[in-house]
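Visitor: One file: coords_6.pdb (PDB, C-alpha atoms).
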```pdb
ATOM      1  CA  MET A  13       9.749 -15.171 -11.138  1.00  0.00           C
ATOM      2  CA  LYS A  14       9.921 -11.864  -9.353  1.00  0.00           C
ATOM      3  CA  THR A  15       7.280 -10.612  -6.951  1.00  0.00           C
ATOM      4  CA  LYS A  16       5.252  -7.575  -8.058  1.00  0.00           C
ATOM      5  CA  SER A  17       6.904  -4.680  -6.230  1.00  0.00           C
ATOM      6  CA  SER A  18       3.605  -2.840  -5.754  1.00  0.00           C
ATOM      7  CA  ALA A  19       2.020  -5.873  -4.077  1.00  0.00           C
ATOM      8  CA  LYS A  20       5.083  -6.449  -1.908  1.00  0.00           C
ATOM      9  CA  LYS A  21       4.693  -2.943  -0.469  1.00  0.00           C
ATOM     10  CA  ARG A  22       0.937  -3.192   0.142  1.00  0.00           C
ATOM     11  CA  PHE A  23       0.297  -6.676   1.546  1.00  0.00           C
ATOM     12  CA  LYS A  24       1.661  -8.860   4.339  1.00  0.00           C
ATOM     13  CA  VAL A  25       0.959 -12.553   4.924  1.00  0.00           C
ATOM     14  CA  THR A  26      -0.091 -13.564   8.432  1.00  0.00           C
ATOM     15  CA  GLY A  27       1.108 -16.687  10.195  1.00  0.00           C
ATOM     16  CA  SER A  28      -2.101 -18.506   9.314  1.00  0.00           C
ATOM     17  CA  GLY A  29      -1.764 -17.601   5.621  1.00  0.00           C
ATOM     18  CA  LYS A  30      -4.295 -14.779   5.446  1.00  0.00           C
ATOM     19  CA  ILE A  31      -3.337 -11.539   3.699  1.00  0.00           C
ATOM     20  CA  LYS A  32      -3.408  -8.220   5.568  1.00  0.00           C
ATOM     21  CA  ARG A  33      -3.962  -4.847   3.925  1.00  0.00           C
ATOM     22  CA  LYS A  34      -4.308  -1.235   4.985  1.00  0.00           C
ATOM     23  CA  HIS A  35      -7.389   0.896   4.512  1.00  0.00           C
ATOM     24  CA  ALA A  36      -7.524   3.550   1.814  1.00  0.00           C
ATOM     25  CA  PHE A  37      -8.584   7.207   2.285  1.00  0.00           C
ATOM     26  CA  LYS A  38      -6.287   7.946   5.247  1.00  0.00           C
ATOM     27  CA  SER A  39      -3.580  10.035   3.557  1.00  0.00           C
ATOM     28  CA  HIS A  40      -4.968  13.532   2.988  1.00  0.00           C
ATOM     29  CA  ILE A  41      -8.112  15.704   3.276  1.00  0.00           C
ATOM     30  CA  LEU A  42      -8.497  14.508   6.848  1.00  0.00           C
ATOM     31  CA  THR A  43     -10.147  17.617   8.312  1.00  0.00           C
ATOM     32  CA  LYS A  44     -13.613  16.762   7.045  1.00  0.00           C
ATOM     33  CA  LYS A  45     -13.448  13.141   8.200  1.00  0.00           C
ATOM     34  CA  SER A  46     -14.647  12.325  11.690  1.00  0.00           C
ATOM     35  CA  LYS A  47     -12.318  11.081  14.397  1.00  0.00           C
ATOM     36  CA  LYS A  48     -14.253   7.822  14.528  1.00  0.00           C
ATOM     37  CA  ARG A  49     -13.856   7.301  10.779  1.00  0.00           C
ATOM     38  CA  LYS A  50     -10.121   8.080  10.822  1.00  0.00           C
ATOM     39  CA  LEU A  51      -9.554   5.728  13.757  1.00  0.00           C
ATOM     40  CA  ALA A  52     -11.389   2.932  11.949  1.00  0.00           C
ATOM     41  CA  LEU A  53      -9.217   3.482   8.857  1.00  0.00           C
ATOM     42  CA  THR A  54      -6.067   3.188  10.985  1.00  0.00           C
ATOM     43  CA  HIS A  55      -6.599  -0.501  11.732  1.00  0.00           C
ATOM     44  CA  SER A  56      -5.527  -3.119   9.219  1.00  0.00           C
ATOM     45  CA  ALA A  57      -8.003  -5.386   7.452  1.00  0.00           C
ATOM     46  CA  LEU A  58      -7.908  -8.664   5.588  1.00  0.00           C
ATOM     47  CA  VAL A  59      -8.056  -8.957   1.814  1.00  0.00           C
ATOM     48  CA  HIS A  60     -11.517 -10.056   0.651  1.00  0.00           C
ATOM     49  CA  GLN A  61     -11.866 -13.719  -0.284  1.00  0.00           C
ATOM     50  CA  SER A  62     -12.636 -12.887  -3.924  1.00  0.00           C
ATOM     51  CA  ASP A  63      -9.297 -11.028  -4.251  1.00  0.00           C
ATOM     52  CA  VAL A  64      -7.055 -13.474  -2.390  1.00  0.00           C
ATOM     53  CA  LYS A  65      -6.126 -15.539  -5.453  1.00  0.00           C
ATOM     54  CA  SER A  66      -5.101 -12.445  -7.416  1.00  0.00           C
ATOM     55  CA  VAL A  67      -2.993 -11.053  -4.571  1.00  0.00           C
ATOM     56  CA  LYS A  68      -1.298 -14.405  -3.972  1.00  0.00           C
ATOM     57  CA  GLU A  69      -0.388 -14.592  -7.653  1.00  0.00           C
ATOM     58  CA  GLN A  70       1.153 -11.123  -7.456  1.00  0.00           C
ATOM     59  CA  LEU A  71       3.121 -12.133  -4.347  1.00  0.00           C
ATOM     60  CA  ARG A  72       4.047 -15.422  -6.063  1.00  0.00           C
ATOM     61  CA  ILE A  73       2.698 -17.439  -3.115  1.00  0.00           C
ATOM     62  CA  ILE A  74       0.695 -19.873  -5.268  1.00  0.00           C
TER      63      ILE A  74
END
```
Take the structure in the file and write it out as C-alpha cells.
Guide:
Amino acid sequence: MKTKSSAKKRFKVTGSGKIKRKHAFKSHILTKKSKKRKLALTHSALVHQSDVKSVKEQLRII
C-alpha cells in the first residue's frame, strides 16, 4: 500500500521510533506575534501519544 503523501511531507520518524512534527501558525501574519512566540514555533515537536497510531497508519509503519 502507498504512503499518504500528505503525511509523508509533514512527519519524520526519529531513530528511536518517535514521530517529529512542525508547529503550526508560523507561515503568515507574523507581525503581531512576539519574537519569543515565533522562536518557540520554529522548533520541532513530537506527535502526541494519542495521535501516534493514526500517523503511523498513514505512514504505513504499523
Visitor: Run the PyMOL selection byres ((chain A and resi 69) around 12) mentally over the shown coordinates, then write out the matched residues as a ChimeraX atom specification, using the chain letters and numbers from the document.
Guide: /A:13-16,19-20,63-68,70-74
Visitor: Taking 4 positions as the minimum chain separation for residues in the same chain, which residues sit within 8 Å of Leu53 (chain A) when counting all atoms listed in the file? Answer as a compact mmCIF listing (two decimals) with C-alpha atoms, keeping the file's coordinate frame.
Guide:
```
# COMPACT_ATOMS: atom_id res chain seq x y z
CA LYS A 34 -4.31 -1.24 4.99
CA HIS A 35 -7.39 0.90 4.51
CA ALA A 36 -7.52 3.55 1.81
CA PHE A 37 -8.58 7.21 2.28
CA LYS A 38 -6.29 7.95 5.25
CA ARG A 49 -13.86 7.30 10.78
```
Visitor: As an exercise, work out the distance from CA of Ala52 (chain A) to CA of Lys24 (chain A) in Å and give it to one decimal place.
Guide: 19.2 Å
Visitor: Give the centre and edge lengths of an axis-aligned box, in Å to one decimal, that holds all listed atoms of region 29-41 of chain A with 3 Å on each side, as AutoDock Vina command-line options.
Guide:
```
--center_x -5.2 --center_y -0.9 --center_z 3.7 --size_x 12.8 --size_y 39.3 --size_z 9.8
```
Visitor: For a test of reading the model, state the distance in Å between CA of His55 (chain A) and CA of Ser18 (chain A), rounded to one decimal.
Guide: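 Straight-line distance from CA of His55 (chain A) to CA of Ser18 (chain A) works out to 20.4 Å.
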Visitor: Please determine, counting all atoms listed in the file, which residue among A:Arg33, A:Ser46, A:Thr26, A:Ser39 has the shortest atom-to-atom distance to Leu58 (chain A).
Guide: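 Looking at the shortest contact to Leu58 (chain A), the residue is A:Arg33.
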Visitor: So how far away is CA of Gly27 (chain A) from CA of Val59 (chain A), in Å?
Guide: 14.6 Å
Visitor: Counting all atoms listed in the file, which residue out of A:Ser17, A:Gln61, A:Leu51, A:Thr43 sits closest to Lys30 (chain A)?
Guide: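 Nearest to Lys30 (chain A): A:Gln61.
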